[in-house]
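Novice: Got a structure for you, my_file-v8.csv, holding CSV, C-alpha atoms and all ligand atoms.
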chain,number,residue,atom,x,y,z
F,1,MET,CA,103.0,98.4,185.2
F,2,TYR,CA,103.6,99.5,181.6
F,3,ILE,CA,100.9,101.7,180.1
F,4,CYS,CA,100.9,102.9,176.6
F,5,LEU,CA,98.8,105.6,174.9
F,6,GLU,CA,98.3,105.1,171.2
F,7,GLY,CA,96.5,107.1,168.5
F,8,ILE,CA,96.9,109.0,165.2
F,9,ASP,CA,98.9,112.2,165.0
F,10,GLY,CA,97.0,115.0,166.8
F,11,SER,CA,95.0,112.6,169.0
F,12,GLY,CA,96.2,114.3,172.2
F,13,LYS,CA,98.5,111.7,173.6
F,14,SER,CA,101.2,114.1,174.8
F,15,THR,CA,98.7,116.2,176.8
F,16,GLN,CA,97.1,113.2,178.3
F,17,ILE,CA,100.4,111.5,179.2
F,18,LEU,CA,101.3,114.6,181.3
F,19,LEU,CA,97.9,114.6,183.0
F,20,LEU,CA,98.2,110.9,183.7
F,21,GLU,CA,101.7,111.3,185.1
F,22,LYS,CA,100.6,114.0,187.5
F,23,TRP,CA,97.6,112.0,188.6
F,24,LEU,CA,99.7,108.9,189.3
F,25,ASN,CA,102.3,111.1,191.1
F,26,ASP,CA,99.5,112.5,193.3
F,27,TYR,CA,98.6,108.9,194.2
F,28,GLY,CA,102.2,108.4,195.3
F,29,TYR,CA,103.4,106.5,192.2
F,30,GLU,CA,106.8,107.1,190.8
F,31,VAL,CA,106.5,107.4,187.1
F,32,LEU,CA,108.9,106.9,184.2
F,33,ARG,CA,107.5,108.8,181.2
F,34,ILE,CA,108.8,107.7,177.8
F,35,PHE,CA,108.0,108.4,174.1
F,36,GLU,CA,108.6,107.0,170.7
F,37,PRO,CA,110.4,108.0,168.5
F,38,THR,CA,112.9,108.6,171.4
F,39,ASP,CA,115.5,111.4,171.5
F,40,SER,CA,118.3,109.0,170.7
F,41,ALA,CA,120.4,109.4,167.5
F,42,THR,CA,118.1,107.0,165.8
F,43,GLY,CA,115.0,108.9,167.0
F,44,LYS,CA,116.4,112.1,165.6
F,45,LEU,CA,117.1,110.4,162.2
F,46,ILE,CA,113.6,109.1,162.2
F,47,ARG,CA,112.2,112.7,162.8
F,48,GLU,CA,114.2,114.0,159.8
F,49,ILE,CA,113.0,111.2,157.5
F,50,LEU,CA,109.3,111.9,158.6
F,51,LYS,CA,109.7,115.4,157.0
F,52,ASP,CA,110.5,113.8,153.6
F,53,PRO,CA,107.4,114.0,151.3
F,54,ARG,CA,108.2,110.4,150.3
F,55,ALA,CA,107.9,109.1,153.8
F,56,THR,CA,104.6,107.3,153.2
F,57,GLU,CA,106.0,105.4,150.3
F,58,ASP,CA,106.6,101.7,150.6
F,59,ASN,CA,110.4,101.6,150.7
F,60,PHE,CA,110.6,104.6,153.1
F,61,GLN,CA,108.1,102.8,155.3
F,62,LYS,CA,110.2,99.7,155.4
F,63,THR,CA,113.3,101.7,156.3
F,64,LEU,CA,111.2,103.4,159.0
F,65,ALA,CA,110.0,100.1,160.3
F,66,LEU,CA,113.6,99.0,160.8
F,67,LEU,CA,114.6,102.3,162.4
F,68,PHE,CA,111.6,102.4,164.8
F,69,ALA,CA,112.3,98.9,165.9
F,70,ALA,CA,116.0,99.8,166.6
F,71,ASP,CA,115.0,103.0,168.3
F,72,ARG,CA,112.6,101.3,170.7
F,73,MET,CA,115.1,98.5,171.6
F,74,VAL,CA,117.1,101.2,173.4
F,75,LEU,CA,114.2,101.7,175.8
F,76,MET,CA,113.9,98.1,176.9
F,77,ASP,CA,116.5,98.1,179.7
F,78,THR,CA,115.2,101.4,181.0
F,79,ILE,CA,111.6,100.0,181.1
F,80,ARG,CA,112.7,96.9,182.9
F,81,ALA,CA,114.8,98.8,185.5
F,82,ALA,CA,111.9,101.2,186.1
F,83,GLU,CA,109.5,98.3,186.6
F,84,GLU,CA,111.9,96.5,189.0
F,85,SER,CA,112.1,99.6,191.1
F,86,GLY,CA,108.3,99.8,191.3
F,87,LYS,CA,107.7,102.7,189.0
F,88,ALA,CA,104.8,102.9,186.6
F,89,VAL,CA,106.0,103.3,183.0
F,90,ILE,CA,103.8,105.5,180.8
F,91,SER,CA,104.6,105.6,177.1
F,92,ASP,CA,103.6,107.9,174.3
F,93,ARG,CA,103.4,105.1,171.6
F,94,CYS,CA,104.9,101.6,171.5
F,95,PHE,CA,105.4,98.9,168.8
F,96,TYR,CA,101.7,99.0,168.0
F,97,SER,CA,102.5,102.3,166.2
F,98,SER,CA,104.7,100.4,163.8
F,99,ILE,CA,102.0,97.8,163.2
F,100,ALA,CA,99.5,100.6,162.5
F,101,TYR,CA,101.7,103.0,160.5
F,102,GLN,CA,104.4,100.9,158.8
F,103,ASN,CA,102.0,98.4,157.2
F,104,PRO,CA,101.4,99.8,153.7
F,105,GLN,CA,98.3,97.7,153.0
F,106,SER,CA,94.9,99.3,153.4
F,107,VAL,CA,92.6,97.4,155.8
F,108,SER,CA,90.4,96.2,152.9
F,109,ASP,CA,93.3,94.6,151.0
F,110,SER,CA,93.6,90.8,150.8
F,111,ASN,CA,94.2,89.0,154.1
F,112,GLN,CA,97.1,87.1,152.8
F,113,LYS,CA,99.1,90.2,152.0
F,114,GLN,CA,98.1,91.9,155.2
F,115,ASP,CA,99.2,88.8,157.2
F,116,SER,CA,102.6,88.7,155.6
F,117,ASP,CA,103.2,92.4,156.0
F,118,THR,CA,102.1,92.3,159.6
F,119,SER,CA,104.1,89.2,160.5
F,120,TRP,CA,107.3,91.0,159.3
F,121,LEU,CA,106.6,93.9,161.6
F,122,TYR,CA,105.8,91.6,164.6
F,123,GLU,CA,109.0,89.7,163.9
F,124,LEU,CA,111.1,92.9,163.8
F,125,ASN,CA,109.6,93.8,167.2
F,126,LYS,CA,109.7,90.4,168.8
F,127,PHE,CA,112.2,91.4,171.5
F,128,VAL,CA,110.3,94.5,172.7
F,129,LYS,CA,108.2,94.4,175.8
F,130,LYS,CA,104.4,94.5,175.3
F,131,PRO,CA,102.6,97.0,177.4
F,132,ASP,CA,100.2,95.7,180.1
F,133,ILE,CA,97.6,98.3,179.2
F,134,VAL,CA,97.1,100.0,175.8
F,135,ILE,CA,94.7,103.0,175.6
F,136,LEU,CA,93.7,104.1,172.1
F,137,LEU,CA,92.7,107.7,171.8
F,138,ASP,CA,90.4,107.6,168.9
F,139,LEU,CA,89.8,110.8,167.0
F,140,ASP,CA,88.1,112.0,163.8
F,141,VAL,CA,90.8,112.5,161.2
F,142,GLU,CA,89.5,116.0,160.2
F,143,LYS,CA,89.9,117.1,163.8
F,144,ALA,CA,93.3,115.4,164.1
F,145,ILE,CA,94.6,117.2,161.0
F,146,SER,CA,93.4,120.6,162.3
F,147,ARG,CA,95.6,120.0,165.4
F,148,CYS,CA,98.7,119.0,163.4
F,149,ASP,CA,101.4,121.5,162.3
F,150,GLY,CA,101.7,119.8,158.9
F,151,ASN,CA,105.5,119.3,159.3
F,152,ASP,CA,105.5,115.5,158.8
F,153,SER,CA,104.3,113.9,155.7
F,154,PHE,CA,102.2,111.4,157.7
F,155,GLU,CA,99.9,114.3,158.7
F,156,ASN,CA,97.6,113.9,155.7
F,157,LYS,CA,94.0,113.0,155.6
F,158,ALA,CA,93.9,109.9,153.4
F,159,PHE,CA,96.9,108.4,155.2
F,160,LEU,CA,95.6,109.0,158.7
F,161,GLU,CA,92.1,107.6,157.8
F,162,LYS,CA,93.9,104.3,156.9
F,163,ILE,CA,95.9,104.4,160.1
F,164,ARG,CA,92.9,105.2,162.2
F,165,ASN,CA,91.0,102.1,160.8
F,166,ARG,CA,94.1,100.0,161.4
F,167,TYR,CA,94.2,101.1,165.0
F,168,LEU,CA,90.5,100.3,165.5
F,169,GLU,CA,91.2,96.8,164.1
F,170,LEU,CA,94.2,96.4,166.4
F,171,ALA,CA,92.0,97.5,169.3
F,172,ARG,CA,89.5,94.8,168.6
F,173,THR,CA,92.1,92.0,168.3
F,174,ASN,CA,94.3,93.1,171.2
F,175,ASP,CA,91.9,94.3,173.8
F,176,PHE,CA,92.9,97.9,173.8
F,177,PHE,CA,90.8,100.4,175.7
F,178,VAL,CA,89.3,102.8,173.2
F,179,ILE,CA,88.6,106.3,174.4
F,180,ASN,CA,86.7,108.9,172.4
F,181,ALA,CA,89.3,111.7,172.0
F,182,ASN,CA,86.8,114.0,170.3
F,183,ASN,CA,85.7,114.9,173.8
F,184,GLY,CA,87.4,117.7,175.7
F,185,VAL,CA,90.8,117.3,177.5
F,186,ASN,CA,89.2,116.9,180.9
F,187,LYS,CA,86.6,114.2,179.8
F,188,VAL,CA,89.4,112.2,178.1
F,189,HIS,CA,91.5,112.4,181.2
F,190,GLU,CA,88.5,111.2,183.3
F,191,ASP,CA,88.0,108.3,180.9
F,192,ILE,CA,91.7,107.4,181.1
F,193,LYS,CA,91.5,107.4,185.0
F,194,LYS,CA,88.5,105.1,184.8
F,195,VAL,CA,90.6,102.6,182.9
F,196,ILE,CA,93.7,102.8,185.1
F,197,SER,CA,92.0,103.0,188.6
F,198,PRO,CA,90.9,99.4,188.9
F,199,LYS,CA,94.4,98.3,187.7
F,200,ILE,CA,96.0,100.1,190.6
F,201,GLY,CA,93.3,99.4,193.1
F,202,ARG,CA,91.9,102.9,193.4
F,203,CYS,CA,88.5,104.4,193.4
F,204,ILE,CA,87.9,107.7,191.6
L,301,LIG,P1,104.4,111.5,167.4
L,301,LIG,O1,103.9,110.7,168.6
L,301,LIG,O2,103.4,112.3,166.6
L,301,LIG,O3,105.6,112.5,168.0
L,301,LIG,P2,105.5,114.0,168.1
L,301,LIG,O4,104.3,114.4,168.8
L,301,LIG,O5,106.7,114.3,168.9
L,301,LIG,O6,105.6,114.5,166.7
L,301,LIG,O7,105.2,110.5,166.5
L,301,LIG,C1,105.8,111.0,165.3
L,301,LIG,C2,105.4,110.2,164.1
L,301,LIG,O8,106.0,108.9,164.1
L,301,LIG,C3,103.9,110.0,164.0
L,301,LIG,O9,103.5,110.4,162.7
L,301,LIG,C4,103.7,108.5,164.1
L,301,LIG,C5,105.1,108.0,163.7
L,301,LIG,N1,105.4,106.6,164.2
L,301,LIG,C6,105.4,105.6,163.3
L,301,LIG,O10,105.1,105.8,162.1
L,301,LIG,N2,105.8,104.3,163.7
L,301,LIG,C7,106.2,104.1,165.0
L,301,LIG,O11,106.5,103.0,165.3
L,301,LIG,C8,106.2,105.2,165.9
L,301,LIG,C9,106.6,105.0,167.3
L,301,LIG,C10,105.8,106.5,165.4
Please express the file's structure as structure tokens.
Specialist:
Amino acid sequence: MYICLEGIDGSGKSTQILLLEKWLNDYGYEVLRIFEPTDSATGKLIREILKDPRATEDNFQKTLALLFAADRMVLMDTIRAAEESGKAVISDRCFYSSIAYQNPQSVSDSNQKQDSDTSWLYELNKFVKKPDIVILLDLDVEKAISRCDGNDSFENKAFLEKIRNRYLELARTNDFFVINANNGVNKVHEDIKKVISPKIGRCI
């Protein structure tokens, strides 16, 4: 089982991933925890580029789309091997982050343009494995910004508003589970457990 947590910067994914790992471990599941961008050479390059004030610009975003796709390809064998050995794979982000972040069109732009941009991103990521379960931690942008350290140029209000709307759109068309991340850490963890429990045949 491959579970992915998605959401805008500051939505609390990292905290929730650790709580989810512990909960699954307590139930006897071995877990492989992964994150994107990874700590590979490509992942490190990505993190450097994200600090550039021009990172939200179109050409930078296209470069980032290519790098993110390359970075996640290195995870595919690891995910497959973990699943074959019966581990649960939990991931902080997956290719849906690229669909949400690297598409420069706002959600209200013409469908035609949106489709062509999105199809390029899907094409780039066509060899990556799709998660079995995607949980979107949905958070008000104001709150998200207050949690960010401001080091990356994606951490700005107007940009994240656009990404949040795109995620909600993706959630509708791809059956993500949407959880209100404005609630406290414990409530969000409870809500995540409610999503995962039936999938692993557990009552909570
Ligand atoms: P993030 O999960 O915030 O990592 P960290 O908590 O370690 O900073 O990811 C870093 C940034 O990368 C975040 O702004 C979202 C962005 N990102 C994309 O734009 N596209 C992608 O495909 C991925 C995986 C991440």
Novice: With distances taken over all atoms listed in the file, which residue among F:Thr38, F:Met76, F:Tyr27, F:Leu121 lies nearest F:Gln61?
Specialist: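 With all atoms listed in the file as the atom set, the closest residue is F:Leu121.
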Novice: So how far away is atom CA of F:Asp138 from atom CA of F:Ala55, in Å?
Specialist: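 Value for the atom CA of F:Ala55-atom CA of F:Asp138 distance: 23.2 Å.
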Novice: Using only C-alpha atoms, determine which residues lie at most 9 Å from F:Ser97, disregarding the query and same-chain residues fewer than 5 positions distant; provide the list as a list in words.
Specialist: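 Once the adjacent positions are removed, what remains is Glu6, Gly7, Ile8, Glu36, Gln102 and Tyr167 of chain F.
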Novice: For F:Val188, which residue out of F:Leu66, F:Asp140, F:Ser11, F:Met1 is the nearest one, using all atoms listed in the file?
Specialist: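 Once distances to F:Val188 are computed over all atoms listed in the file, the minimum belongs to F:Ser11.
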Novice: Calculated over all atoms listed in the file, which of the candidates F:Ile79, F:Ala70, F:Leu50, F:Ile200 has the smallest distance to F:Asn125?
Specialist: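 Of F:Ile79, F:Ala70, F:Leu50, F:Ile200, the one nearest F:Asn125 is F:Ala70, counting all atoms listed in the file.
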Novice: Residues within 6 Å of ligand LIG 301 (chain L) should be enumerated using only C-alpha atoms and all ligand atoms and returned as a list of chain:residue names.
Specialist: F:Asp9, F:Glu36, F:Pro37, F:Phe68, F:Arg93, F:Cys94, F:Phe95, F:Ser97, F:Ser98, F:Tyr101, F:Gln102, F:Phe154
Novice: Let me make sure I understand: among F:Arg33, F:Arg54, F:Lys62, F:Lys193, which one has the smallest atom-to-atom distance to F:Ser91 if we use all atoms listed in the file?
Specialist: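 Smallest separation from F:Ser91 among the options: F:Arg33.
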Novice: Considering all atoms listed in the file, state which residue in the set F:Ala69, F:Ile163, F:Ala88, F:Leu136 is at the smallest distance from F:Leu20.
Specialist: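 The closest residue to F:Leu20 is F:Ala88.
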Novice: Of the candidates F:Asp92, F:Asp52, F:Glu83, F:Asp71, which one gets nearest to F:Val31 if we count all atoms listed in the file?
Specialist: F:Glu83
Novice: Which neighbours of stretch 21-23 of chain F fall inside 12 Å, counting only C-alpha atoms, when residues of the same chain fewer than 5 positions from it are skipped, and could you give them as a ChimeraX atom specification?
Specialist: /F:3-4,13-16,28-34,87-92,189-190,192-193,196-197,202,204
Novice: Might you pull out every residue within 9 Å of stretch 58-60 of chain F, with all atoms listed in the file counted and same-chain residues fewer than 4 positions away left off, and present them as a PyMOL selection string?
Specialist: chain F and resi 49+54+64-65+102-104
Novice: Any idea what the distance is between atom CA of F:Arg164 and atom CA of F:Lys44?
Specialist: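 Separation between atom CA of F:Arg164 and atom CA of F:Lys44: 24.7 Å.
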